[in-house]
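What follows is the content of start-v2.csv (CSV, C-alpha atoms).
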chain,number,residue,atom,x,y,z
A,1,MET,CA,64.0,-16.8,28.5
A,2,SER,CA,61.3,-19.5,28.3
A,3,ALA,CA,58.6,-19.4,25.6
A,4,VAL,CA,55.9,-18.9,28.3
A,5,THR,CA,57.8,-16.0,29.8
A,6,TYR,CA,58.3,-14.4,26.4
A,7,GLN,CA,54.6,-14.7,25.6
A,8,GLN,CA,53.6,-13.2,29.0
A,9,ARG,CA,55.9,-10.2,28.3
A,10,GLU,CA,54.5,-9.8,24.8
A,11,VAL,CA,50.9,-9.9,26.1
A,12,LYS,CA,51.6,-7.4,28.9
A,13,ARG,CA,53.3,-5.0,26.3
A,14,ALA,CA,50.3,-5.5,24.0
A,15,ARG,CA,48.0,-4.4,26.9
A,16,TYR,CA,49.8,-1.1,27.3
A,17,ALA,CA,49.8,-0.6,23.6
A,18,VAL,CA,46.1,-1.1,23.1
A,19,ALA,CA,45.5,1.1,26.1
A,20,ALA,CA,47.4,3.9,24.4
A,21,VAL,CA,45.2,3.3,21.3
A,22,PHE,CA,42.1,3.7,23.4
A,23,ALA,CA,43.4,6.9,24.8
A,24,VAL,CA,44.1,8.2,21.3
A,25,HIS,CA,40.7,7.3,20.1
A,26,GLY,CA,39.1,9.2,23.1
A,27,ALA,CA,41.3,12.2,22.5
A,28,VAL,CA,40.0,12.6,19.0
A,29,THR,CA,36.4,12.7,20.3
A,30,GLY,CA,37.3,15.2,23.0
A,31,SER,CA,39.2,17.4,20.5
A,32,PHE,CA,36.2,17.5,18.1
A,33,ALA,CA,33.5,18.1,20.7
A,34,THR,CA,35.1,21.3,22.1
A,35,ARG,CA,35.2,23.0,18.7
A,36,VAL,CA,31.7,22.2,17.5
A,37,PRO,CA,30.6,25.9,18.0
A,38,TRP,CA,33.5,27.1,15.7
A,39,ILE,CA,32.7,24.4,13.1
A,40,GLN,CA,29.0,25.5,13.2
A,41,ASP,CA,30.0,29.2,12.6
A,42,HIS,CA,32.5,28.3,9.9
A,43,ALA,CA,30.0,26.1,8.0
A,44,GLY,CA,27.2,28.7,8.5
A,45,VAL,CA,24.6,26.2,9.7
A,46,SER,CA,21.7,26.8,12.0
A,47,ALA,CA,21.1,25.0,15.3
A,48,GLY,CA,18.6,22.7,13.6
A,49,GLY,CA,21.0,22.1,10.8
A,50,LEU,CA,23.8,21.3,13.3
A,51,GLY,CA,21.5,18.8,15.0
A,52,ILE,CA,20.9,17.0,11.7
A,53,ALA,CA,24.7,17.1,10.8
A,54,LEU,CA,25.6,15.6,14.3
A,55,ALA,CA,23.5,12.6,13.5
A,56,PHE,CA,25.8,11.6,10.6
A,57,PRO,CA,28.7,10.3,12.7
A,58,ALA,CA,26.4,7.7,14.3
A,59,ILE,CA,25.0,6.8,10.9
A,60,GLY,CA,28.5,6.4,9.4
A,61,ALA,CA,29.7,4.3,12.3
A,62,SER,CA,26.7,2.0,12.3
A,63,LEU,CA,27.1,1.3,8.6
A,64,ALA,CA,30.8,0.9,8.6
A,65,MET,CA,31.5,-1.1,11.8
A,66,PRO,CA,30.7,-4.5,10.2
A,67,LEU,CA,33.5,-3.8,7.8
A,68,ALA,CA,36.1,-3.9,10.5
A,69,GLY,CA,36.1,-7.7,10.8
A,70,ARG,CA,36.7,-8.1,7.1
A,71,ILE,CA,39.5,-5.6,7.1
A,72,SER,CA,41.2,-7.4,10.0
A,73,HIS,CA,40.7,-10.7,8.2
A,74,ARG,CA,42.4,-9.3,5.0
A,75,PHE,CA,45.3,-7.5,6.6
A,76,GLY,CA,45.7,-9.0,10.0
A,77,ALA,CA,44.7,-7.4,13.3
A,78,ARG,CA,47.8,-5.3,13.8
A,79,ASN,CA,47.9,-3.8,10.3
A,80,ALA,CA,44.1,-3.3,10.3
A,81,LEU,CA,44.2,-1.3,13.6
A,82,ARG,CA,47.2,0.7,12.5
A,83,GLY,CA,45.4,1.8,9.3
A,84,LEU,CA,42.0,2.3,10.9
A,85,ILE,CA,43.3,4.4,13.8
A,86,ALA,CA,45.3,6.5,11.4
A,87,LEU,CA,42.1,7.1,9.3
A,88,TRP,CA,40.2,8.1,12.4
A,89,THR,CA,42.8,10.5,13.7
A,90,LEU,CA,43.2,12.2,10.3
A,91,ALA,CA,39.4,12.4,9.9
A,92,LEU,CA,39.5,14.9,12.7
A,93,ILE,CA,40.6,17.5,10.2
A,94,LEU,CA,37.6,17.1,7.9
A,95,PRO,CA,34.7,18.8,9.8
A,96,SER,CA,36.6,22.0,10.4
A,97,LEU,CA,37.2,22.3,6.6
A,98,ALA,CA,33.5,22.0,5.7
A,99,PRO,CA,32.3,25.2,4.0
A,100,GLY,CA,28.6,24.4,4.2
A,101,MET,CA,25.8,22.0,5.3
A,102,ALA,CA,26.3,19.3,2.7
A,103,ALA,CA,30.1,19.1,3.1
A,104,LEU,CA,29.7,19.1,6.9
A,105,CYS,CA,27.3,16.1,6.7
A,106,LEU,CA,29.7,14.2,4.4
A,107,ALA,CA,32.7,15.0,6.6
A,108,LEU,CA,30.9,13.8,9.8
A,109,PHE,CA,29.7,10.7,8.0
A,110,VAL,CA,33.4,9.8,7.2
A,111,PHE,CA,34.4,10.9,10.7
A,112,GLY,CA,31.9,8.5,12.2
A,113,ALA,CA,32.7,5.6,9.8
A,114,THR,CA,36.4,5.7,10.7
A,115,ALA,CA,35.6,6.0,14.4
A,116,GLY,CA,33.3,3.0,14.4
A,117,MET,CA,35.7,0.7,12.5
A,118,ALA,CA,38.7,1.7,14.7
A,119,ASP,CA,36.4,1.1,17.7
A,120,VAL,CA,35.6,-2.4,16.7
A,121,ALA,CA,39.2,-3.3,15.9
A,122,MET,CA,40.6,-2.0,19.2
A,123,ASN,CA,37.9,-3.6,21.3
A,124,ALA,CA,38.5,-7.0,19.5
A,125,LEU,CA,42.2,-6.8,20.3
A,126,GLY,CA,41.4,-5.7,23.9
A,127,VAL,CA,39.2,-8.8,24.4
A,128,GLU,CA,42.0,-11.0,23.0
A,129,VAL,CA,44.5,-9.5,25.4
A,130,GLU,CA,42.1,-9.9,28.3
A,131,ASN,CA,41.6,-13.6,27.4
A,132,ARG,CA,45.4,-14.2,27.4
A,133,LEU,CA,46.0,-12.4,30.7
A,134,ASP,CA,43.0,-14.2,32.3
A,135,ARG,CA,41.9,-11.1,34.1
A,136,SER,CA,39.6,-8.2,33.4
A,137,ILE,CA,41.2,-5.2,31.5
A,138,MET,CA,38.3,-4.0,29.4
A,139,SER,CA,37.0,-1.5,32.0
A,140,GLY,CA,40.4,0.0,32.4
A,141,LEU,CA,40.8,0.3,28.6
A,142,HIS,CA,37.5,2.2,28.4
A,143,GLY,CA,38.8,4.3,31.3
A,144,MET,CA,41.8,5.2,29.2
A,145,TRP,CA,39.4,6.2,26.5
A,146,SER,CA,37.6,8.5,29.0
A,147,ALA,CA,41.0,9.9,30.1
A,148,GLY,CA,41.9,10.6,26.5
A,149,ALA,CA,38.6,12.3,25.9
A,150,LEU,CA,39.1,14.5,28.9
A,151,THR,CA,42.7,15.4,27.8
A,152,GLY,CA,41.4,16.2,24.3
A,153,SER,CA,38.6,18.3,25.7
A,154,ALA,CA,41.0,20.2,27.9
A,155,ALA,CA,43.4,21.0,25.0
A,156,GLY,CA,40.4,22.0,22.9
A,157,THR,CA,39.0,24.2,25.6
A,158,LEU,CA,42.4,26.0,25.8
A,159,ALA,CA,42.6,26.3,22.0
A,160,ALA,CA,39.1,27.8,21.9
A,161,HIS,CA,39.9,30.2,24.8
A,162,LEU,CA,43.0,31.4,22.9
A,163,GLY,CA,40.9,31.9,19.7
A,164,THR,CA,42.9,29.4,17.7
A,165,ASP,CA,41.5,28.5,14.3
A,166,ALA,CA,40.0,25.0,14.6
A,167,ARG,CA,41.6,24.0,11.2
A,168,LEU,CA,45.0,24.7,12.7
A,169,HIS,CA,44.1,23.2,16.1
A,170,HIS,CA,42.8,20.0,14.5
A,171,ALA,CA,45.6,19.6,12.0
A,172,LEU,CA,48.2,19.8,14.7
A,173,THR,CA,46.2,17.5,17.0
A,174,ALA,CA,45.7,15.0,14.2
A,175,ALA,CA,49.4,14.9,13.5
A,176,VAL,CA,50.3,14.2,17.1
A,177,LEU,CA,47.6,11.6,17.6
A,178,THR,CA,48.3,9.8,14.3
A,179,ALA,CA,52.0,9.4,15.2
A,180,THR,CA,51.1,8.2,18.7
A,181,GLY,CA,48.4,5.8,17.6
A,182,VAL,CA,50.3,4.3,14.7
A,183,GLY,CA,53.4,4.0,16.9
A,184,ALA,CA,51.5,2.2,19.7
A,185,CYS,CA,50.2,-0.3,17.1
A,186,ALA,CA,53.7,-1.7,16.7
A,187,TRP,CA,53.2,-3.6,20.0
A,188,VAL,CA,49.6,-4.8,19.7
A,189,LEU,CA,48.9,-8.5,19.1
A,190,ASP,CA,49.4,-9.5,15.5
A,191,LEU,CA,46.5,-11.9,15.0
A,192,GLN,CA,46.2,-13.6,11.6
A,193,PRO,CA,43.2,-15.7,10.3
A,194,ALA,CA,43.7,-19.3,9.6
A,195,ALA,CA,44.2,-20.2,5.9
A,196,GLU,CA,40.8,-22.0,5.7
A,197,GLU,CA,38.8,-19.4,7.6
A,198,GLU,CA,36.1,-17.7,5.6
A,199,PRO,CA,36.2,-13.9,5.6
A,200,PRO,CA,33.3,-12.2,7.4
A,201,PRO,CA,30.5,-10.6,5.3
A,202,ARG,CA,30.9,-6.9,4.3
A,203,PHE,CA,27.6,-6.1,5.9
A,204,ALA,CA,25.5,-8.2,8.3
A,205,LEU,CA,22.9,-7.8,10.9
A,206,PRO,CA,24.0,-8.2,14.5
A,207,PRO,CA,24.3,-11.9,15.4
A,208,ARG,CA,21.7,-13.3,17.7
A,209,SER,CA,24.3,-13.7,20.4
A,210,ALA,CA,24.9,-9.9,20.4
A,211,LEU,CA,21.2,-8.8,20.7
A,212,LEU,CA,20.6,-9.3,24.5
A,213,ILE,CA,24.2,-8.2,25.3
A,214,GLY,CA,23.5,-5.1,23.1
A,215,ALA,CA,20.2,-4.5,25.0
A,216,ILE,CA,22.2,-4.0,28.2
A,217,GLY,CA,24.6,-1.7,26.4
A,218,PHE,CA,21.6,0.2,25.0
A,219,CYS,CA,20.2,0.8,28.5
A,220,ALA,CA,23.6,2.0,29.8
A,221,VAL,CA,24.5,4.2,26.9
A,222,PHE,CA,21.0,5.8,27.0
A,223,ALA,CA,21.5,6.7,30.6
A,224,GLU,CA,25.0,8.0,29.8
A,225,GLY,CA,23.9,10.1,26.8
A,226,ALA,CA,20.9,11.5,28.8
A,227,SER,CA,23.1,12.5,31.7
A,228,LEU,CA,25.9,14.0,29.7
A,229,ASP,CA,23.6,16.2,27.6
A,230,TRP,CA,20.8,17.0,30.1
A,231,SER,CA,22.3,16.9,33.6
A,232,ALA,CA,23.3,20.6,33.5
A,233,VAL,CA,19.9,21.6,32.0
A,234,PHE,CA,18.1,19.5,34.7
A,235,LEU,CA,19.9,21.4,37.5
A,236,ARG,CA,19.3,24.7,35.9
A,237,ASP,CA,15.7,24.3,34.9
A,238,GLU,CA,14.3,22.0,37.6
A,239,LEU,CA,16.3,23.1,40.6
A,240,GLY,CA,17.2,26.7,39.7
A,241,THR,CA,21.0,26.4,40.1
A,242,SER,CA,23.6,28.7,38.6
A,243,ALA,CA,25.2,27.9,35.2
A,244,GLY,CA,28.5,27.2,36.9
A,245,LEU,CA,27.1,24.6,39.4
A,246,ALA,CA,25.1,23.0,36.6
A,247,ALA,CA,28.2,22.6,34.5
A,248,ALA,CA,30.1,21.2,37.5
A,249,CYS,CA,27.5,18.4,37.7
A,250,THR,CA,28.2,17.3,34.1
A,251,THR,CA,32.0,17.4,34.8
A,252,GLY,CA,31.5,15.4,38.0
A,253,PHE,CA,29.5,12.8,36.1
A,254,THR,CA,32.2,12.4,33.5
A,255,LEU,CA,35.0,12.2,36.1
A,256,THR,CA,33.0,9.6,38.1
A,257,MET,CA,32.7,7.4,35.0
A,258,ALA,CA,36.4,7.7,34.2
A,259,ILE,CA,37.5,6.8,37.7
A,260,ALA,CA,35.1,3.9,38.0
A,261,ARG,CA,36.2,2.5,34.7
A,262,ILE,CA,39.9,2.7,35.6
A,263,ALA,CA,39.2,1.0,39.0
A,264,GLY,CA,36.6,-1.4,37.7
A,265,ASP,CA,38.8,-4.3,36.6
A,266,ARG,CA,39.7,-5.3,40.1
A,267,VAL,CA,36.0,-5.4,41.0
A,268,VAL,CA,35.2,-7.5,38.0
A,269,ASP,CA,38.0,-9.9,38.8
A,270,ARG,CA,36.8,-10.4,42.3
A,271,PHE,CA,33.0,-10.6,41.7
A,272,GLY,CA,32.6,-11.5,38.1
A,273,ALA,CA,30.9,-9.7,35.2
A,274,VAL,CA,27.3,-10.8,36.1
A,275,ARG,CA,27.4,-9.7,39.8
A,276,THR,CA,29.3,-6.5,39.0
A,277,VAL,CA,26.7,-5.4,36.3
A,278,ARG,CA,23.8,-6.5,38.5
A,279,VAL,CA,25.0,-4.3,41.4
A,280,SER,CA,26.0,-1.6,39.0
A,281,GLY,CA,22.5,-1.5,37.7
A,282,ILE,CA,21.1,-1.2,41.2
A,283,VAL,CA,23.4,1.7,41.9
A,284,ALA,CA,22.3,3.4,38.7
A,285,VAL,CA,18.7,2.9,39.7
A,286,ALA,CA,19.4,4.5,43.1
A,287,GLY,CA,21.0,7.4,41.3
A,288,GLY,CA,18.0,7.8,39.0
A,289,LEU,CA,15.6,7.8,42.0
A,290,LEU,CA,17.7,10.5,43.7
A,291,ILE,CA,17.5,12.6,40.5
A,292,VAL,CA,13.8,12.4,40.0
A,293,LEU,CA,13.0,12.9,43.7
A,294,ALA,CA,15.6,15.7,44.3
A,295,GLU,CA,14.5,18.9,45.9
A,296,HIS,CA,18.0,20.2,46.4
A,297,PRO,CA,20.9,20.4,43.9
A,298,ALA,CA,23.2,18.3,46.2
A,299,ALA,CA,20.8,15.4,46.0
A,300,ALA,CA,20.5,15.6,42.2
A,301,MET,CA,24.3,15.9,41.8
A,302,THR,CA,24.8,12.9,44.0
A,303,GLY,CA,22.2,11.1,41.8
A,304,PHE,CA,24.1,11.9,38.6
A,305,ALA,CA,27.4,10.8,40.3
A,306,LEU,CA,25.8,7.4,41.3
A,307,THR,CA,24.4,7.0,37.7
A,308,GLY,CA,27.9,7.5,36.3
A,309,LEU,CA,29.3,5.0,38.8
A,310,GLY,CA,26.6,2.5,38.0
A,311,ILE,CA,26.9,2.5,34.2
A,312,ALA,CA,30.6,3.0,33.9
A,313,VAL,CA,31.7,-0.6,33.6
A,314,VAL,CA,28.6,-1.9,31.7
A,315,VAL,CA,29.6,-1.1,28.1
A,316,PRO,CA,33.2,-2.5,28.5
A,317,LEU,CA,31.8,-5.7,29.9
A,318,CYS,CA,29.3,-5.9,27.1
A,319,PHE,CA,32.2,-5.7,24.6
A,320,ALA,CA,34.1,-8.4,26.5
A,321,ALA,CA,31.1,-10.7,26.6
A,322,ALA,CA,30.4,-10.1,22.9
A,323,GLY,CA,34.0,-11.1,22.1
A,324,ARG,CA,33.4,-14.5,23.7
A,325,SER,CA,29.8,-15.1,22.6
A,326,GLY,CA,30.3,-16.7,19.2
A,327,SER,CA,32.7,-17.9,16.6
A,328,ASN,CA,33.2,-14.4,15.1
A,329,PRO,CA,34.3,-11.9,17.9
A,330,SER,CA,34.6,-8.9,15.5
A,331,LEU,CA,31.1,-9.4,14.1
A,332,ALA,CA,29.6,-9.8,17.6
A,333,ILE,CA,31.5,-6.7,18.9
A,334,ALA,CA,30.3,-4.7,15.8
A,335,GLY,CA,26.7,-5.8,16.5
A,336,VAL,CA,26.9,-4.6,20.1
A,337,ALA,CA,28.7,-1.4,19.1
A,338,THR,CA,25.9,-0.7,16.5
A,339,ILE,CA,23.2,-1.1,19.1
A,340,THR,CA,25.0,1.1,21.6
A,341,TYR,CA,25.8,3.8,19.0
A,342,THR,CA,22.1,3.8,18.1
A,343,SER,CA,21.3,4.4,21.8
A,344,GLY,CA,23.7,7.3,22.0
A,345,LEU,CA,22.2,8.8,18.9
A,346,ILE,CA,18.6,8.7,20.0
A,347,ALA,CA,19.0,9.3,23.8
A,348,PRO,CA,19.4,13.1,23.8
A,349,GLY,CA,16.5,13.6,21.3
A,350,VAL,CA,14.2,11.3,23.2
A,351,ILE,CA,14.9,13.0,26.5
A,352,GLY,CA,14.3,16.4,24.9
A,353,LEU,CA,11.0,15.3,23.3
A,354,LEU,CA,9.7,13.8,26.6
A,355,ALA,CA,10.8,17.0,28.4
A,356,GLN,CA,8.9,19.2,26.0
A,357,ALA,CA,5.8,17.0,26.3
A,358,THR,CA,6.0,16.6,30.0
A,359,SER,CA,9.1,17.5,32.1
A,360,LEU,CA,12.7,16.5,32.6
A,361,VAL,CA,11.6,14.7,35.8
A,362,VAL,CA,9.5,12.3,33.6
A,363,SER,CA,12.4,12.0,31.2
A,364,PHE,CA,14.8,10.8,33.9
A,365,THR,CA,12.1,8.5,35.2
A,366,VAL,CA,12.4,6.7,31.9
A,367,VAL,CA,16.2,6.7,32.3
A,368,THR,CA,15.7,5.1,35.8
A,369,VAL,CA,13.4,2.4,34.3
A,370,LEU,CA,16.1,1.6,31.7
A,371,SER,CA,18.7,1.3,34.4
A,372,CYS,CA,16.5,-1.4,35.9
A,373,GLY,CA,17.1,-3.3,32.6
A,374,VAL,CA,20.8,-3.2,33.3
A,375,ALA,CA,20.3,-5.1,36.6
A,376,SER,CA,17.7,-7.5,35.3
A,377,LEU,CA,19.5,-8.5,32.2
A,378,ALA,CA,22.9,-8.9,33.8
A,379,GLY,CA,22.8,-12.7,33.5
A,380,VAL,CA,23.3,-12.6,29.8
A,381,LEU,CA,26.9,-11.4,30.4
A,382,ARG,CA,28.0,-14.8,31.7
A,383,ALA,CA,30.3,-15.0,28.6
A,384,GLY,CA,32.2,-12.2,30.3
A,385,ASP,CA,33.1,-14.4,33.3
A,386,ARG,CA,36.2,-16.2,32.3
A,387,PRO,CA,37.0,-19.7,33.7
A,388,LYS,CA,39.6,-19.4,36.4
A,389,VAL,CA,43.1,-20.9,36.0
A,390,THR,CA,45.5,-21.9,38.7
A,391,ARG,CA,48.0,-19.3,39.7
A,392,PRO,CA,50.9,-18.7,39.8
A,393,GLY,CA,52.6,-20.2,36.8
A,394,ALA,CA,49.5,-20.6,34.7
A,395,ALA,CA,50.3,-21.1,31.0
A,396,VAL,CA,49.4,-18.3,28.7
A,397,PRO,CA,46.6,-19.6,26.4
A,398,GLU,CA,47.6,-20.2,22.8
A,399,PRO,CA,46.5,-17.5,20.4
A,400,ARG,CA,43.3,-18.0,18.5
A,401,PRO,CA,43.6,-18.1,14.7

Now, as a test, write the supplied structure out as C-alpha cells.
Amino acid sequence: MSAVTYQQREVKRARYAVAAVFAVHGAVTGSFATRVPWIQDHAGVSAGGLGIALAFPAIGASLAMPLAGRISHRFGARNALRGLIALWTLALILPSLAPGMAALCLALFVFGATAGMADVAMNALGVEVENRLDRSIMSGLHGMWSAGALTGSAAGTLAAHLGTDARLHHALTAAVLTATGVGACAWVLDLQPAAEEEPPPRFALPPRSALLIGAIGFCAVFAEGASLDWSAVFLRDELGTSAGLAAACTTGFTLTMAIARIAGDRVVDRFGAVRTVRVSGIVAVAGGLLIVLAEHPAAAMTGFALTGLGIAVVVPLCFAAAGRSGSNPSLAIAGVATITYTSGLIAPGVIGLLAQATSLVVSFTVVTVLSCGVASLAGVLRAGDRPKVTRPGAAVPEPRP
C-alpha cells in the first residue's frame, strides 16, 4: 500500500472517529436537558434559582475554553481529546448529585467547563480532517452532534417517563458514553506540536481574526436559542395553539436543523462557504418575516422551519473559518466558541425581557434583524472556502505541526 493511500485511509477513519465524538458530546447535552426538572426538585431550588444555576455552564465554558489549546499542546491532540471527552461525559453525573443551590451551581460550572474544552478540541480536529480531505465535513459533524442530542433526549424522556432516578440514569449513561467517546478517540488524528512551538496562553481574549467570524456565529446562535426556547410559547400565546402543536413546532425546528447540517456539506462543497451562508441568512430572514407576520399556526411553523434551515450550517462554517484564520487554530476556535456560547446564554433572557416589555412579535423582529447580519457578514468566512485541488489522485496534504 502506498504512503498516500495509507494516509487517505487514516484520514477517512479519523473522520468517522471525530463524528462519533461529536455524537457523544451531543448525547450528554440531550441526556442532561431532559432531567432538569428532576434535578431542580432534588436540589430544592426555585424557578428563579434554577435560572441562575443554568447560567453557570456557559460561564464555565467561556472561562475554560482557552485552556483547550494549551492542553492539546502539552499532551497532543489525540490524548487531549481523549481526556477532555471523558471529563465531559463523567461530568454528566454531577448535577443530579447536587443537594442544594450552591452545589448545583458548582456542578454546572464544572459541567460547562468540561463541555467547552472538549468542544474546542473536537472542532479543531474536525477542521484538520476537513483540510486533509479537501471537502466540507464540519456541517455533517455538527449534524452528528444534533443527532446525538436527539438520541440522548429520547433516552432521557423514556427514563423520566419510567420514573427512573436521574442519578442512576446519568451514571449508566455516563459509563456508556465515556467508553464510546474514549474508544473513538483511538482513531482521531494524533497531532503533535513542533518542538520549537510556543504553548498558547492559559487565558486570552479572542484573537482579532475571530471577532467578525464570531459575530456571524453570535447572530445564528441567538436565532437558534430564541427559536428553541420560545417557539412553542410563541405559537401558544400569539396564535392560540394547543400545547401539543406548540411542542411539535419546537421538535420540527430541531429536526430541520439536524437534517440541514447532515446534508449541508454537499452544498458547501458546491457553492462555497460564503455563498452558502449568504443564502442561508436570506432563508433565515424569510423565516423570521413569516413568524412575525403569521396569522395562522401553519405560517409560523413554516417560518421556524425556515429559520432552522437558514442557520443550521452557519456555526459549523464559523468554526471551519476560525480554524483557518490564523496561526493558532485552537485559540481562534475558542474565541468563536466563547462568542457563540455567550449568545446562547443571553438569547432566551433577552427575548423574554423584550416580550415582557412589548410582545413576542417584537422579540422575533429582533431575531429577524440579526438574521440579516448573517447574510451581510458572510464575506468574512472566505477562510472557510478551501482552495480546490485537482482530482482524482490529489495528494493528501502533509499534517501541520

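With all atoms listed in the file as the atoms that count, the residue of A:Ala184, A:Ala53, A:Ala58, A:Ile216 with the shortest distance to Leu317 (chain A) is A:Ile216.
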
request  = Kindly indicate which residue among A:Val11, A:Ala68, A:Leu177, A:Met117 lies nearest to Gly152 (chain A), using only C-alpha atoms for the distances.
outcome  =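 For Gly152 (chain A), the nearest of the given residues is A:Leu177.
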
request  = Record the distance separating CA of Arg278 (chain A) and CA of Ala378 (chain A), expressed in Å with one decimal.
outcome  = 5.4 Å

ask   = So what do you get for CA of Val36 (chain A) versus CA of Gln356 (chain A), distance-wise?
value =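 Rounded to one decimal, the two atoms are 24.5 Å apart.
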
query = What separation in Å, quoted to one decimal, exists between CA of Phe319 (chain A) and CA of Val336 (chain A)?
reply =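 CA of Val336 (chain A) lies 7.0 Å from CA of Phe319 (chain A).
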
ask   = Which of these, A:Cys219, A:Ile351, A:Ala300, A:Leu345, has the shortest distance to Gly373 (chain A) once you count all atoms listed in the file?
value = A:Cys219

request  = May I have the residues within 12 Å of Glu238 (chain A) as a ChimeraX atom specification, using all atoms listed in the file and disregarding those fewer than 4 positions away in the same chain?
outcome  = /A:230-234,242,246,291-297,300,355,359-362,364

inquiry  = Which residues are close to Ile52 (chain A), i.e. within 12 Å by only C-alpha atoms, leaving aside same-chain residues fewer than 2 positions away? Reply as an MDAnalysis selection string.
reply    = chainID A and resid 40 45:50 54:59 101:102 104:106 108:109 345:346 349

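Remark: for Ala64 (chain A), the closest of the candidate residues A:Leu168, A:Val315, A:Ala103, A:Ala337 is A:Ala337 (distances computed over all atoms listed in the file).
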
Fewer than 4 positions away in the same chain doesn't count, so skip those; otherwise give me all residues within 8 Å of Thr254 (chain A), counting all atoms listed in the file, as a PDB file with C-alpha atoms, in the frame of the given file.
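As a result, part.pdb now contains:
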ATOM      1  CA  LEU A 228      25.900  14.000  29.700  1.00  0.00           C
ATOM      2  CA  THR A 250      28.200  17.300  34.100  1.00  0.00           C
ATOM      3  CA  ALA A 258      36.400   7.700  34.200  1.00  0.00           C
ATOM      4  CA  GLY A 308      27.900   7.500  36.300  1.00  0.00           C
TER       5      GLY A 308
END

Each residue of region 51-143 of chain A with at least one atom at most 8 Å from region 324-334 of chain A should appear once, together with its nearest atom pair and the corresponding distance in Å (one decimal); atoms considered: all atoms listed in the file; ordering: chain, then increasing residue number; output as JSON lines.
{"residue": "A:Met65", "atom": "CA", "partner": "A:Ala334", "partner_atom": "CA", "distance": 5.5}
{"residue": "A:Pro66", "atom": "CA", "partner": "A:Ala334", "partner_atom": "CA", "distance": 5.6}
{"residue": "A:Ala68", "atom": "CA", "partner": "A:Ser330", "partner_atom": "CA", "distance": 7.2}
{"residue": "A:Gly69", "atom": "CA", "partner": "A:Ser330", "partner_atom": "CA", "distance": 5.1}
{"residue": "A:Val120", "atom": "CA", "partner": "A:Ala334", "partner_atom": "CA", "distance": 5.8}
{"residue": "A:Ala121", "atom": "CA", "partner": "A:Ser330", "partner_atom": "CA", "distance": 7.3}
{"residue": "A:Asn123", "atom": "CA", "partner": "A:Ile333", "partner_atom": "CA", "distance": 7.5}
{"residue": "A:Ala124", "atom": "CA", "partner": "A:Ser330", "partner_atom": "CA", "distance": 5.9}

Save the residues we just selected, C-alpha atoms, as a PDB file, in the coordinates of the input?
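Okay, this is what ended up in out20.pdb:
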ATOM      1  CA  MET A  65      31.500  -1.100  11.800  1.00  0.00           C
ATOM      2  CA  PRO A  66      30.700  -4.500  10.200  1.00  0.00           C
ATOM      3  CA  ALA A  68      36.100  -3.900  10.500  1.00  0.00           C
ATOM      4  CA  GLY A  69      36.100  -7.700  10.800  1.00  0.00           C
ATOM      5  CA  VAL A 120      35.600  -2.400  16.700  1.00  0.00           C
ATOM      6  CA  ALA A 121      39.200  -3.300  15.900  1.00  0.00           C
ATOM      7  CA  ASN A 123      37.900  -3.600  21.300  1.00  0.00           C
ATOM      8  CA  ALA A 124      38.500  -7.000  19.500  1.00  0.00           C
TER       9      ALA A 124
END

query = What would the list of residues within 10 Å of (25.9, -6.6, 31.0) (file frame) look like as a ChimeraX atom specification, if all atoms listed in the file are what count?
reply = /A:212-217,219-220,273-278,280-281,311,313-322,373-384

inquiry  = So that I can see what lies close to Leu191 (chain A), please list as a PyMOL selection string the residues with an atom at most 7 Å from it, counting only C-alpha atoms and leaving out residues fewer than 2 positions away in the same chain.
reply    = chain A and resi 76-78+189+193+401

Spatial neighbours of region 133-137 of chain A, max dist 7 Å, only C-alpha atoms, sep filter under 2 positions, as a compact mmCIF listing (two decimals) with C-alpha atoms, in the coordinates of the input:
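Listing of around.txt after writing:
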# COMPACT_ATOMS: atom_id res chain seq x y z
CA VAL A 129 44.50 -9.50 25.40
CA GLU A 130 42.10 -9.90 28.30
CA ASN A 131 41.60 -13.60 27.40
CA SER A 139 37.00 -1.50 32.00
CA GLY A 140 40.40 0.00 32.40
CA LEU A 141 40.80 0.30 28.60
CA ASP A 265 38.80 -4.30 36.60
CA VAL A 268 35.20 -7.50 38.00
CA ASP A 269 38.00 -9.90 38.80

key: Distance criterion (only C-alpha atoms): nearest to Ala27 (chain A) out of A:Ala155, A:Ala263, A:Leu354, A:Ala166   =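 Of the candidates, the smallest distance to Ala27 (chain A) is held by A:Ala155.
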
message = Counting all atoms listed in the file, which residue out of A:Thr114, A:Ser363, A:Thr89, A:Thr338 sits closest to Thr178 (chain A)?
response =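 Comparing A:Thr114, A:Ser363, A:Thr89, A:Thr338 against Thr178 (chain A), the winner is A:Thr89.
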
task = Would you be able to write out as a PyMOL selection string which residues have an atom within 10 Å of (46.1, 8.2, 9.6) in the file's coordinates, counting only C-alpha atoms?
result = chain A and resi 82-92+174-175+177-179+181-182
